[in-house]
Structure formats: C-alpha cells, structure tokens
$ cat start.cif   # mmCIF, C-alpha atoms
data_protein
#
loop_
_atom_site.label_atom_id
_atom_site.label_comp_id
_atom_site.auth_asym_id
_atom_site.auth_seq_id
_atom_site.Cartn_x
_atom_site.Cartn_y
_atom_site.Cartn_z
CA MET H 1 2.70 -44.21 29.78
CA PRO H 2 0.79 -41.60 27.76
CA GLU H 3 -2.47 -40.30 29.17
CA SER H 4 -5.29 -42.45 27.73
CA SER H 5 -7.22 -39.30 26.78
CA HIS H 6 -4.36 -38.38 24.43
CA LEU H 7 -4.30 -41.72 22.61
CA PRO H 8 -5.91 -41.87 19.17
CA GLN H 9 -8.81 -44.23 18.62
CA LEU H 10 -7.54 -47.34 16.86
CA SER H 11 -9.34 -50.08 15.01
CA ASP H 12 -8.24 -53.69 15.60
CA ALA H 13 -7.97 -54.98 12.05
CA ALA H 14 -5.27 -57.67 12.17
CA VAL H 15 -5.70 -60.37 9.52
CA PRO H 16 -4.30 -63.91 9.07
CA LEU H 17 -0.57 -63.72 8.41
CA VAL H 18 -0.19 -66.82 6.25
CA ALA H 19 -2.14 -68.59 3.51
CA GLY H 20 -2.15 -72.24 2.51
CA VAL H 21 -1.15 -73.08 -1.06
CA SER H 22 -0.46 -76.20 -3.09
CA VAL H 23 2.92 -76.44 -4.87
CA LEU H 24 5.01 -78.94 -6.84
CA ASP H 25 8.58 -79.81 -5.86
CA GLU H 26 11.57 -80.72 -8.06
CA ALA H 27 10.27 -84.31 -8.40
CA GLY H 28 6.78 -83.28 -9.41
CA ARG H 29 5.33 -84.12 -5.99
CA ARG H 30 2.48 -81.98 -4.76
CA LYS H 31 2.82 -80.43 -1.31
CA ASP H 32 0.66 -78.18 0.82
CA ILE H 33 2.65 -75.33 2.35
CA PHE H 34 2.13 -71.88 3.85
CA ILE H 35 3.24 -68.59 2.34
CA PRO H 36 3.11 -65.13 3.95
CA GLY H 37 0.15 -62.93 3.24
CA GLU H 38 0.82 -59.64 1.48
CA ARG H 39 -1.73 -56.86 1.23
CA PRO H 40 -1.65 -53.28 0.00
CA LEU H 41 -2.70 -50.77 2.63
CA THR H 42 -3.26 -47.26 1.30
CA VAL H 43 -2.94 -44.60 3.99
CA TYR H 44 -5.21 -41.56 3.75
CA VAL H 45 -4.61 -38.58 6.01
CA ASP H 46 -7.72 -36.44 6.34
CA LYS H 47 -8.98 -38.04 3.09
CA GLN H 48 -5.76 -37.18 1.22
CA GLU H 49 -3.83 -40.17 -0.12
CA LEU H 50 -0.36 -40.41 1.41
CA VAL H 51 1.26 -43.76 0.61
CA THR H 52 0.54 -47.41 -0.08
CA LEU H 53 2.34 -49.88 2.20
CA MET H 54 2.68 -53.57 1.36
CA THR H 55 2.22 -55.47 4.61
CA LEU H 56 1.40 -58.80 6.24
CA GLY H 57 -1.34 -56.99 8.12
CA GLY H 58 -0.54 -58.27 11.59
CA ALA H 59 -0.43 -54.86 13.28
CA PRO H 60 -1.73 -52.36 10.70
CA GLU H 61 -2.66 -49.56 13.10
CA ALA H 62 0.75 -49.64 14.80
CA LEU H 63 2.38 -49.76 11.35
CA VAL H 64 0.57 -46.62 10.21
CA LEU H 65 1.28 -44.84 13.48
CA GLY H 66 4.96 -45.72 13.40
CA TYR H 67 5.21 -44.71 9.75
CA LEU H 68 3.73 -41.28 10.48
CA LYS H 69 6.10 -40.83 13.41
CA ASN H 70 9.24 -42.03 11.64
CA GLN H 71 8.50 -39.85 8.62
CA ARG H 72 8.04 -36.88 10.98
CA PHE H 73 4.47 -36.23 9.81
CA VAL H 74 3.25 -36.21 13.42
CA HIS H 75 5.18 -35.45 16.59
CA ALA H 76 2.65 -36.06 19.37
CA LEU H 77 -0.11 -38.62 19.84
CA ASP H 78 -2.68 -35.93 20.57
CA GLU H 79 -2.28 -34.63 17.01
CA LEU H 80 -4.26 -37.70 15.90
CA ILE H 81 -7.93 -38.40 16.46
CA SER H 82 -8.11 -41.90 15.01
CA ILE H 83 -6.62 -44.55 12.73
CA HIS H 84 -9.19 -46.86 11.18
CA VAL H 85 -8.14 -49.78 8.97
CA ASP H 86 -10.65 -51.38 6.59
CA TRP H 87 -9.29 -54.41 4.75
CA GLU H 88 -12.35 -54.67 2.50
CA VAL H 89 -11.06 -51.60 0.69
CA GLY H 90 -7.40 -51.92 1.72
CA ALA H 91 -7.28 -48.50 3.33
CA ALA H 92 -6.22 -46.85 6.57
CA ALA H 93 -8.08 -43.62 7.32
CA VAL H 94 -6.14 -41.26 9.57
CA LYS H 95 -7.94 -38.31 11.13
CA THR H 96 -5.88 -35.47 12.59
CA ARG H 97 -6.94 -32.55 14.76
CA ASP H 98 -5.33 -29.78 12.74
CA GLY H 99 -4.00 -31.44 9.58
CA ILE H 100 -0.36 -31.99 8.65
CA HIS H 101 1.59 -28.87 7.75
CA ALA H 102 2.78 -28.70 4.12
CA LEU H 103 1.84 -32.32 3.45
CA LYS H 104 1.91 -32.00 -0.33
CA GLU H 105 5.27 -30.22 -0.37
CA ARG H 106 6.81 -32.78 1.95
CA GLN H 107 5.57 -35.64 -0.23
CA GLU H 108 7.34 -34.05 -3.18
CA LYS H 109 10.65 -34.24 -1.26
CA ARG H 110 10.38 -38.01 -0.91
CA THR H 111 13.46 -40.21 -1.35
CA VAL H 112 12.87 -43.84 -2.30
CA THR H 113 15.20 -46.04 -0.24
CA THR H 114 16.45 -49.61 -0.41
CA GLY H 115 13.75 -50.89 1.94
CA CYS H 116 11.86 -53.98 0.74
CA GLY H 117 8.71 -52.85 -1.01
CA GLN H 118 10.20 -49.37 -1.48
CA GLY H 119 10.79 -47.60 1.78
CA THR H 120 10.59 -43.84 1.76
CA ILE H 121 12.11 -40.92 3.62
CA PHE H 122 10.14 -37.68 3.52
CA GLY H 123 11.17 -34.09 3.87
CA ASP H 124 14.26 -33.03 5.80
CA ILE H 125 14.74 -36.07 8.03
CA LEU H 126 18.34 -36.53 6.89
CA SER H 127 19.23 -32.99 7.87
CA ASP H 128 17.52 -33.41 11.25
CA LEU H 129 19.84 -36.21 12.38
CA SER H 130 22.13 -33.77 14.17
CA SER H 131 19.36 -33.01 16.67
CA ILE H 132 19.10 -36.64 17.82
CA GLN H 133 20.81 -37.32 21.16
CA LEU H 134 21.30 -40.91 22.30
CA ASP H 135 22.06 -41.89 25.90
CA PRO H 136 25.86 -41.51 26.25
CA ASP H 137 25.94 -43.94 29.19
CA ALA H 138 24.23 -46.86 27.45
CA ARG H 139 26.31 -50.05 27.43
CA LEU H 140 25.82 -53.49 25.89
CA HIS H 141 27.62 -56.50 27.37
CA GLN H 142 28.81 -59.29 25.13
CA ASP H 143 26.92 -61.97 27.07
CA THR H 144 23.70 -59.97 26.70
CA MET H 145 24.22 -59.68 22.97
CA VAL H 146 24.88 -63.40 22.55
CA SER H 147 21.73 -64.18 24.53
CA ILE H 148 19.67 -61.87 22.29
CA VAL H 149 20.96 -63.56 19.15
CA ALA H 150 20.20 -67.01 20.61
CA GLN H 151 16.66 -65.98 21.58
CA MET H 152 15.97 -64.67 18.09
CA ARG H 153 17.21 -67.89 16.53
CA ALA H 154 14.78 -69.87 18.72
CA GLN H 155 11.88 -67.42 18.28
CA GLN H 156 8.73 -68.93 16.78
CA SER H 157 8.04 -66.96 13.64
CA ILE H 158 6.18 -66.64 10.37
CA TYR H 159 9.58 -66.95 8.70
CA LYS H 160 10.03 -70.49 10.02
CA GLN H 161 6.51 -71.41 8.95
CA ALA H 162 6.34 -69.69 5.59
CA GLY H 163 9.58 -67.81 4.83
CA SER H 164 9.79 -64.60 2.77
CA VAL H 165 9.43 -62.11 5.63
CA HIS H 166 11.66 -59.99 7.85
CA GLY H 167 11.49 -59.80 11.62
CA CYS H 168 12.43 -57.00 14.01
CA ALA H 169 12.55 -57.01 17.79
CA VAL H 170 13.48 -54.83 20.74
CA PHE H 171 15.06 -56.04 23.96
CA ARG H 172 15.73 -54.52 27.35
CA GLY H 173 18.72 -56.48 28.54
CA THR H 174 17.89 -60.07 27.64
CA GLU H 175 14.12 -59.50 27.89
CA LEU H 176 12.26 -59.58 24.59
CA LEU H 177 9.75 -56.71 24.66
CA MET H 178 8.35 -56.71 21.12
CA PHE H 179 8.70 -58.84 18.00
CA VAL H 180 7.08 -57.95 14.67
CA GLU H 181 7.35 -59.57 11.24
CA ASP H 182 6.34 -58.09 7.91
CA VAL H 183 7.12 -58.38 4.22
CA GLY H 184 9.56 -55.48 4.55
CA ARG H 185 11.87 -54.79 7.45
CA HIS H 186 11.00 -51.08 7.33
CA ASN H 187 7.34 -52.00 7.97
CA ALA H 188 8.34 -54.15 10.94
CA VAL H 189 10.38 -51.35 12.49
CA ASP H 190 7.57 -48.84 11.89
CA ALA H 191 5.11 -51.15 13.68
CA ILE H 192 7.49 -51.43 16.63
CA ALA H 193 7.91 -47.65 16.67
CA GLY H 194 4.13 -47.27 16.75
CA LYS H 195 3.75 -49.74 19.62
CA MET H 196 6.54 -48.06 21.59
CA TRP H 197 4.92 -44.66 21.07
CA LEU H 198 1.53 -45.86 22.26
CA GLU H 199 3.11 -47.36 25.38
CA GLY H 200 5.30 -44.33 26.09
CA MET H 201 8.41 -46.49 25.91
CA SER H 202 11.83 -44.84 25.72
CA GLY H 203 14.46 -46.45 23.52
CA LYS H 204 17.47 -45.20 25.50
CA ASP H 205 18.24 -48.58 27.14
CA LEU H 206 16.95 -50.87 24.37
CA VAL H 207 18.61 -53.10 21.79
CA PHE H 208 17.07 -53.42 18.33
CA TYR H 209 17.45 -56.62 16.29
CA THR H 210 16.56 -57.20 12.65
CA THR H 211 16.89 -60.15 10.32
CA GLY H 212 17.48 -57.72 7.43
CA ARG H 213 20.34 -55.44 6.50
CA LEU H 214 20.92 -52.15 8.27
CA THR H 215 20.44 -49.55 5.56
CA SER H 216 20.39 -45.79 6.04
CA GLU H 217 16.60 -45.94 6.47
CA MET H 218 16.81 -48.55 9.22
CA VAL H 219 19.54 -46.65 11.07
CA ILE H 220 17.62 -43.37 10.84
CA LYS H 221 14.49 -45.02 12.26
CA GLY H 222 16.48 -46.63 15.06
CA ALA H 223 17.98 -43.25 15.92
CA GLN H 224 14.56 -41.58 15.90
CA MET H 225 13.37 -44.25 18.34
CA GLY H 226 16.30 -43.32 20.59
CA ILE H 227 17.85 -46.82 20.45
CA PRO H 228 21.65 -46.89 20.80
CA PHE H 229 22.27 -50.51 19.68
CA LEU H 230 21.27 -52.01 16.33
CA LEU H 231 21.92 -55.69 15.60
CA SER H 232 21.49 -57.46 12.25
CA ARG H 233 21.58 -61.08 11.23
CA SER H 234 22.68 -59.69 7.86
CA GLY H 235 25.00 -56.70 7.48
CA ALA H 236 25.13 -52.94 6.97
CA THR H 237 25.36 -50.72 3.93
CA GLN H 238 27.94 -47.96 3.60
CA MET H 239 25.32 -45.24 4.03
CA GLY H 240 23.83 -47.10 6.97
CA LEU H 241 27.24 -47.10 8.62
CA ASP H 242 27.75 -43.41 7.83
CA MET H 243 24.41 -42.60 9.49
CA ALA H 244 25.29 -44.71 12.54
CA ARG H 245 28.57 -42.87 12.98
CA ARG H 246 26.84 -39.50 12.64
CA VAL H 247 24.41 -40.19 15.48
CA GLY H 248 26.65 -42.39 17.65
CA ILE H 249 24.83 -45.71 17.23
CA THR H 250 26.64 -48.97 17.95
CA LEU H 251 26.08 -51.10 14.84
CA PHE H 252 26.50 -54.86 14.58
CA GLY H 253 26.14 -57.17 11.59
CA ARG H 254 26.57 -60.88 10.80
CA CYS H 255 25.23 -61.75 14.25
CA SER H 256 25.11 -65.55 14.54
CA GLY H 257 25.79 -67.60 17.63
CA GLU H 258 28.90 -66.13 19.26
CA HIS H 259 29.99 -64.36 16.10
CA PHE H 260 29.42 -60.72 15.07
CA LEU H 261 31.00 -57.78 13.32
CA MET H 262 30.91 -54.40 15.10
CA TYR H 263 30.96 -51.55 12.59
CA SER H 264 30.75 -48.53 14.88
CA GLY H 265 30.30 -47.33 18.45
CA GLU H 266 32.79 -49.69 20.08
CA GLU H 267 33.00 -47.41 23.12
CA ARG H 268 29.51 -48.61 24.15
CA PHE H 269 30.35 -52.33 23.99
CA VAL H 270 31.66 -54.32 26.95
CA TYR H 271 33.66 -57.41 26.01
CA ARG H 272 33.86 -60.41 28.27
CA SER H 273 36.72 -60.07 30.70
#
$ encode --input "start.cif" --output "structure tokens"
Amino acid sequence: MPESSHLPQLSDAAVPLVAGVSVLDEAGRRKDIFIPGERPLTVYVDKQELVTLMTLGGAPEALVLGYLKNQRFVHALDELISIHVDWEVGAAAVKTRDGIHALKERQEKRTVTTGCGQGTIFGDILSDLSSIQLDPDARLHQDTMVSIVAQMRAQQSIYKQAGSVHGCAVFRGTELLMFVEDVGRHNAVDAIAGKMWLEGMSGKDLVFYTTGRLTSEMVIKGAQMGIPFLLSRSGATQMGLDMARRVGITLFGRCSGEHFLMYSGEERFVYRS
C-alpha cells in the first residue's frame, strides 16, 4: 500500500450511470427504459488541455489517474498533487509537482487506436514494451478460468440494465477484486489501472477480463499493469495478438461457459487432468 502522504488529493465526483428515457418499440408501444450516461471529461494538466475522454462518470478520478499512468505521462503517485473533477464544466484539473516533461511533443506523437471513443497511445510506449517483465511463474488453471467466466456472466451490471457499455474486471484466483464499466473498454481498464495504483496492487498474479475485444491498446495496458492473463468475451485483433506474444501474455478470446480460444502463452495454462 502506498504511503498516504504520497497519494494525490482526489475529488469524489461520481455521477449517476444511467438515465431514464421513453422509447417506442416495433409495434408503436411506448416503453420507459434506461440508457447509459455518457459525458465528455476534458483533462487539463497544469491548466494545459490534454485530452477529452467520453465516460460514464462512475470513477472519473481513477479514470484520469489510470490514463496518465498507462500513457506514461506520470510514473509515480508523488508526481501528482491533486485530481479534481468538476462535472458542471466537464473538466478534470490535474496538478503536478514539477510538470510533465515534453508534454506538447509527446502529444504530437499520438496514435489513435481502435478503442471505443478513440483510444490513444502517446509517445514511445510501443517501443518500451521490451522493458516489461511479467511473472514467469504465473499459472492459470482451467477450473479457475471457467469460474471467472461464470462469475462475469452473473455479475450485476449497467450492461444488463441499459446495454451499450463495456465492462472490465480483475481477479485473484476466483476472487473478483475490481469491476468497472464505461462507454469504452479502454476507459474501464484505465479506471482499474488507477484504482490498482492507488492501492499499491501488483498485477503479477491477477487475471484481467473484458467484455470487449483485445486490441493492441488493451494488451499494452494489461502488460503495463503487469497482468499475465487477459480474457475476452469477444476476441483478439492481429496486432493485439502480436503484442501479447512480444510480452509473453496468455491471451484468451471467445470465453463463454466452458468454451474459449487460447491465442498465446499456452505454457502458463494448466488444463484439467
């Protein structure tokens, strides 16, 4: 657990995640349903605009923190003084102790990815993958994986209530540690990364699950969190698989019930005997 004196000051600006609306069905019948909220959150670092994230708004401070970490803008919690979210103006104000080195130049090296709502990768993150070392002794047993998939299917969620969102979770064994939903899966993983960072949680023995596809961006973020196992209810892209092979991640797609496809890292997986 990080020393509390090193933690940035955070606002607590969560907002309602769904909104009630009236719709007409195929027979012209009026129904009252829920849809997910979606709000723009513009991140300012030391009063300089960085990015606008489209989000549900359930964990905005953790989202901003995880975004800054996953984009390699900050490397230690004590580099940050505070993150303050104000929904009246749709802004997150980040204060740092010494600024972010070459912020403008790094923004110019941005790559827009396939993440919902336009994910981004800044700077030289792709070239830094070779420095990431995952736990070589991590193992995932088939029964554990099946249990994780079953728990996620039964998980109460905004998706079941309103649809149109992605969910991400991390497990230690069969224990669900964190579950976050957002309009884009990259936002959900950033929020989890932020929460893990605040709690000083290592990813070396964790399993990551997402309802969305495992793109290069998702795999890179999983690797940066130190997580050796990535599971998807959907599938993986070619570049996502290439990234997983480069860093030694065990990648699974089409996870449903007892069924799955393992794309890489089979040496970490323990089949039922």
$ atom_distance --input "start.cif" --atom1 "atom CA of Ala150 of chain H" --atom2 "atom CA of Ser256 of chain H"
7.9 Å
$ residues_around --input "start.cif" --residues "segment 142-144 of chain H" --least-positions-apart "5" --cutoff "8 Å" --atoms "all atoms listed in the file" --output "MDAnalysis selection string"
chainID H and resid 173:174 269:272
$ write_last_selection --input "start.cif" --atoms "C-alpha atoms" --output "PDB file, keeping the file's coordinate frame"
ATOM      1  CA  GLY H 173      18.720 -56.480  28.540  1.00  0.00           C
ATOM      2  CA  THR H 174      17.890 -60.070  27.640  1.00  0.00           C
ATOM      3  CA  PHE H 269      30.350 -52.330  23.990  1.00  0.00           C
ATOM      4  CA  VAL H 270      31.660 -54.320  26.950  1.00  0.00           C
ATOM      5  CA  TYR H 271      33.660 -57.410  26.010  1.00  0.00           C
ATOM      6  CA  ARG H 272      33.860 -60.410  28.270  1.00  0.00           C
TER       7      ARG H 272
END
$ residues_around --input "start.cif" --residues "segment 227-232 of chain H" --least-positions-apart "3" --cutoff "6 Å" --atoms "only C-alpha atoms" --output "PDB file with C-alpha atoms, in the coordinates of the input"
ATOM      1  CA  GLY H 203      14.460 -46.450  23.520  1.00  0.00           C
ATOM      2  CA  LYS H 204      17.470 -45.200  25.500  1.00  0.00           C
ATOM      3  CA  LEU H 206      16.950 -50.870  24.370  1.00  0.00           C
ATOM      4  CA  VAL H 207      18.610 -53.100  21.790  1.00  0.00           C
ATOM      5  CA  PHE H 208      17.070 -53.420  18.330  1.00  0.00           C
ATOM      6  CA  TYR H 209      17.450 -56.620  16.290  1.00  0.00           C
ATOM      7  CA  THR H 210      16.560 -57.200  12.650  1.00  0.00           C
ATOM      8  CA  THR H 211      16.890 -60.150  10.320  1.00  0.00           C
ATOM      9  CA  GLY H 222      16.480 -46.630  15.060  1.00  0.00           C
ATOM     10  CA  ALA H 223      17.980 -43.250  15.920  1.00  0.00           C
ATOM     11  CA  GLY H 235      25.000 -56.700   7.480  1.00  0.00           C
ATOM     12  CA  ILE H 249      24.830 -45.710  17.230  1.00  0.00           C
ATOM     13  CA  THR H 250      26.640 -48.970  17.950  1.00  0.00           C
ATOM     14  CA  LEU H 251      26.080 -51.100  14.840  1.00  0.00           C
ATOM     15  CA  PHE H 252      26.500 -54.860  14.580  1.00  0.00           C
ATOM     16  CA  GLY H 253      26.140 -57.170  11.590  1.00  0.00           C
TER      17      GLY H 253
END
$ closest_residue --input "start.cif" --among "H:Gly194, H:Gly37, H:Pro16, H:Pro8" --to "Ile83 of chain H" --atoms "all atoms listed in the file"
H:Pro8
$ residues_around --input "start.cif" --residues "Lys95 of chain H" --least-positions-apart "2" --cutoff "7 Å" --atoms "all atoms listed in the file" --output "ChimeraX atom specification"
/H:45-46,80-83,93,97
$ resolve_selection --input "start.cif" --expression "the PyMOL selection byres ((chain H and resi 240) around 7)" --output "ChimeraX atom specification"
/H:214-216,219,236-239,241-244
$ resolve_selection --input "start.cif" --expression "the PyMOL selection byres ((chain H and resi 79) around 12)" --output "PyMOL selection string"
chain H and resi 5-9+45+65+68-69+73-78+80-83+94-101
$ build_atoms --input "start.cif" --residues "segment 152-175 of chain H" --atoms "N, CA and C atoms" --output "PDB file, in the coordinates of the input"
ATOM      1  N   MET H 152      16.577 -64.920  19.393  1.00  0.00           N
ATOM      2  CA  MET H 152      15.970 -64.670  18.090  1.00  0.00           C
ATOM      3  C   MET H 152      16.053 -65.897  17.200  1.00  0.00           C
ATOM      4  N   ARG H 153      17.105 -66.659  17.322  1.00  0.00           N
ATOM      5  CA  ARG H 153      17.210 -67.890  16.530  1.00  0.00           C
ATOM      6  C   ARG H 153      16.137 -68.893  16.930  1.00  0.00           C
ATOM      7  N   ALA H 154      15.778 -68.920  18.220  1.00  0.00           N
ATOM      8  CA  ALA H 154      14.780 -69.870  18.720  1.00  0.00           C
ATOM      9  C   ALA H 154      13.353 -69.336  18.626  1.00  0.00           C
ATOM     10  N   GLN H 155      13.187 -68.058  18.284  1.00  0.00           N
ATOM     11  CA  GLN H 155      11.880 -67.420  18.280  1.00  0.00           C
ATOM     12  C   GLN H 155      10.934 -68.070  17.262  1.00  0.00           C
ATOM     13  N   GLN H 156       9.750 -68.438  17.704  1.00  0.00           N
ATOM     14  CA  GLN H 156       8.730 -68.930  16.780  1.00  0.00           C
ATOM     15  C   GLN H 156       8.325 -67.788  15.861  1.00  0.00           C
ATOM     16  N   SER H 157       8.222 -68.063  14.570  1.00  0.00           N
ATOM     17  CA  SER H 157       8.040 -66.960  13.640  1.00  0.00           C
ATOM     18  C   SER H 157       7.314 -67.403  12.379  1.00  0.00           C
ATOM     19  N   ILE H 158       6.753 -66.408  11.691  1.00  0.00           N
ATOM     20  CA  ILE H 158       6.180 -66.640  10.370  1.00  0.00           C
ATOM     21  C   ILE H 158       7.261 -67.091   9.411  1.00  0.00           C
ATOM     22  N   TYR H 159       8.475 -66.575   9.580  1.00  0.00           N
ATOM     23  CA  TYR H 159       9.580 -66.950   8.700  1.00  0.00           C
ATOM     24  C   TYR H 159       9.818 -68.456   8.728  1.00  0.00           C
ATOM     25  N   LYS H 160       9.801 -69.055   9.917  1.00  0.00           N
ATOM     26  CA  LYS H 160      10.030 -70.490  10.020  1.00  0.00           C
ATOM     27  C   LYS H 160       8.879 -71.280   9.410  1.00  0.00           C
ATOM     28  N   GLN H 161       7.679 -70.722   9.480  1.00  0.00           N
ATOM     29  CA  GLN H 161       6.510 -71.410   8.950  1.00  0.00           C
ATOM     30  C   GLN H 161       6.367 -71.226   7.447  1.00  0.00           C
ATOM     31  N   ALA H 162       6.667 -70.006   6.974  1.00  0.00           N
ATOM     32  CA  ALA H 162       6.340 -69.690   5.590  1.00  0.00           C
ATOM     33  C   ALA H 162       7.448 -68.991   4.815  1.00  0.00           C
ATOM     34  N   GLY H 163       8.499 -68.504   5.509  1.00  0.00           N
ATOM     35  CA  GLY H 163       9.580 -67.810   4.830  1.00  0.00           C
ATOM     36  C   GLY H 163       9.164 -66.451   4.296  1.00  0.00           C
ATOM     37  N   SER H 164      10.081 -65.802   3.577  1.00  0.00           N
ATOM     38  CA  SER H 164       9.790 -64.600   2.770  1.00  0.00           C
ATOM     39  C   SER H 164       9.377 -63.370   3.574  1.00  0.00           C
ATOM     40  N   VAL H 165       9.742 -63.296   4.839  1.00  0.00           N
ATOM     41  CA  VAL H 165       9.430 -62.110   5.630  1.00  0.00           C
ATOM     42  C   VAL H 165      10.673 -61.695   6.425  1.00  0.00           C
ATOM     43  N   HIS H 166      10.626 -60.478   6.944  1.00  0.00           N
ATOM     44  CA  HIS H 166      11.660 -59.990   7.850  1.00  0.00           C
ATOM     45  C   HIS H 166      11.070 -59.819   9.247  1.00  0.00           C
ATOM     46  N   GLY H 167      11.914 -59.994  10.245  1.00  0.00           N
ATOM     47  CA  GLY H 167      11.490 -59.800  11.620  1.00  0.00           C
ATOM     48  C   GLY H 167      12.344 -58.754  12.303  1.00  0.00           C
ATOM     49  N   CYS H 168      11.717 -57.985  13.194  1.00  0.00           N
ATOM     50  CA  CYS H 168      12.430 -57.000  14.010  1.00  0.00           C
ATOM     51  C   CYS H 168      11.975 -57.151  15.452  1.00  0.00           C
ATOM     52  N   ALA H 169      12.869 -56.867  16.372  1.00  0.00           N
ATOM     53  CA  ALA H 169      12.550 -57.010  17.790  1.00  0.00           C
ATOM     54  C   ALA H 169      13.287 -55.952  18.596  1.00  0.00           C
ATOM     55  N   VAL H 170      12.761 -55.669  19.786  1.00  0.00           N
ATOM     56  CA  VAL H 170      13.480 -54.830  20.740  1.00  0.00           C
ATOM     57  C   VAL H 170      13.586 -55.565  22.065  1.00  0.00           C
ATOM     58  N   PHE H 171      14.747 -55.413  22.678  1.00  0.00           N
ATOM     59  CA  PHE H 171      15.060 -56.040  23.960  1.00  0.00           C
ATOM     60  C   PHE H 171      15.448 -54.972  24.965  1.00  0.00           C
ATOM     61  N   ARG H 172      15.132 -55.254  26.229  1.00  0.00           N
ATOM     62  CA  ARG H 172      15.730 -54.520  27.350  1.00  0.00           C
ATOM     63  C   ARG H 172      16.556 -55.542  28.111  1.00  0.00           C
ATOM     64  N   GLY H 173      17.872 -55.403  28.041  1.00  0.00           N
ATOM     65  CA  GLY H 173      18.720 -56.480  28.540  1.00  0.00           C
ATOM     66  C   GLY H 173      18.465 -57.716  27.694  1.00  0.00           C
ATOM     67  N   THR H 174      18.198 -58.832  28.360  1.00  0.00           N
ATOM     68  CA  THR H 174      17.890 -60.070  27.640  1.00  0.00           C
ATOM     69  C   THR H 174      16.383 -60.315  27.521  1.00  0.00           C
ATOM     70  N   GLU H 175      15.582 -59.338  27.939  1.00  0.00           N
ATOM     71  CA  GLU H 175      14.120 -59.500  27.890  1.00  0.00           C
ATOM     72  C   GLU H 175      13.575 -59.025  26.545  1.00  0.00           C
TER      73      GLU H 175
END
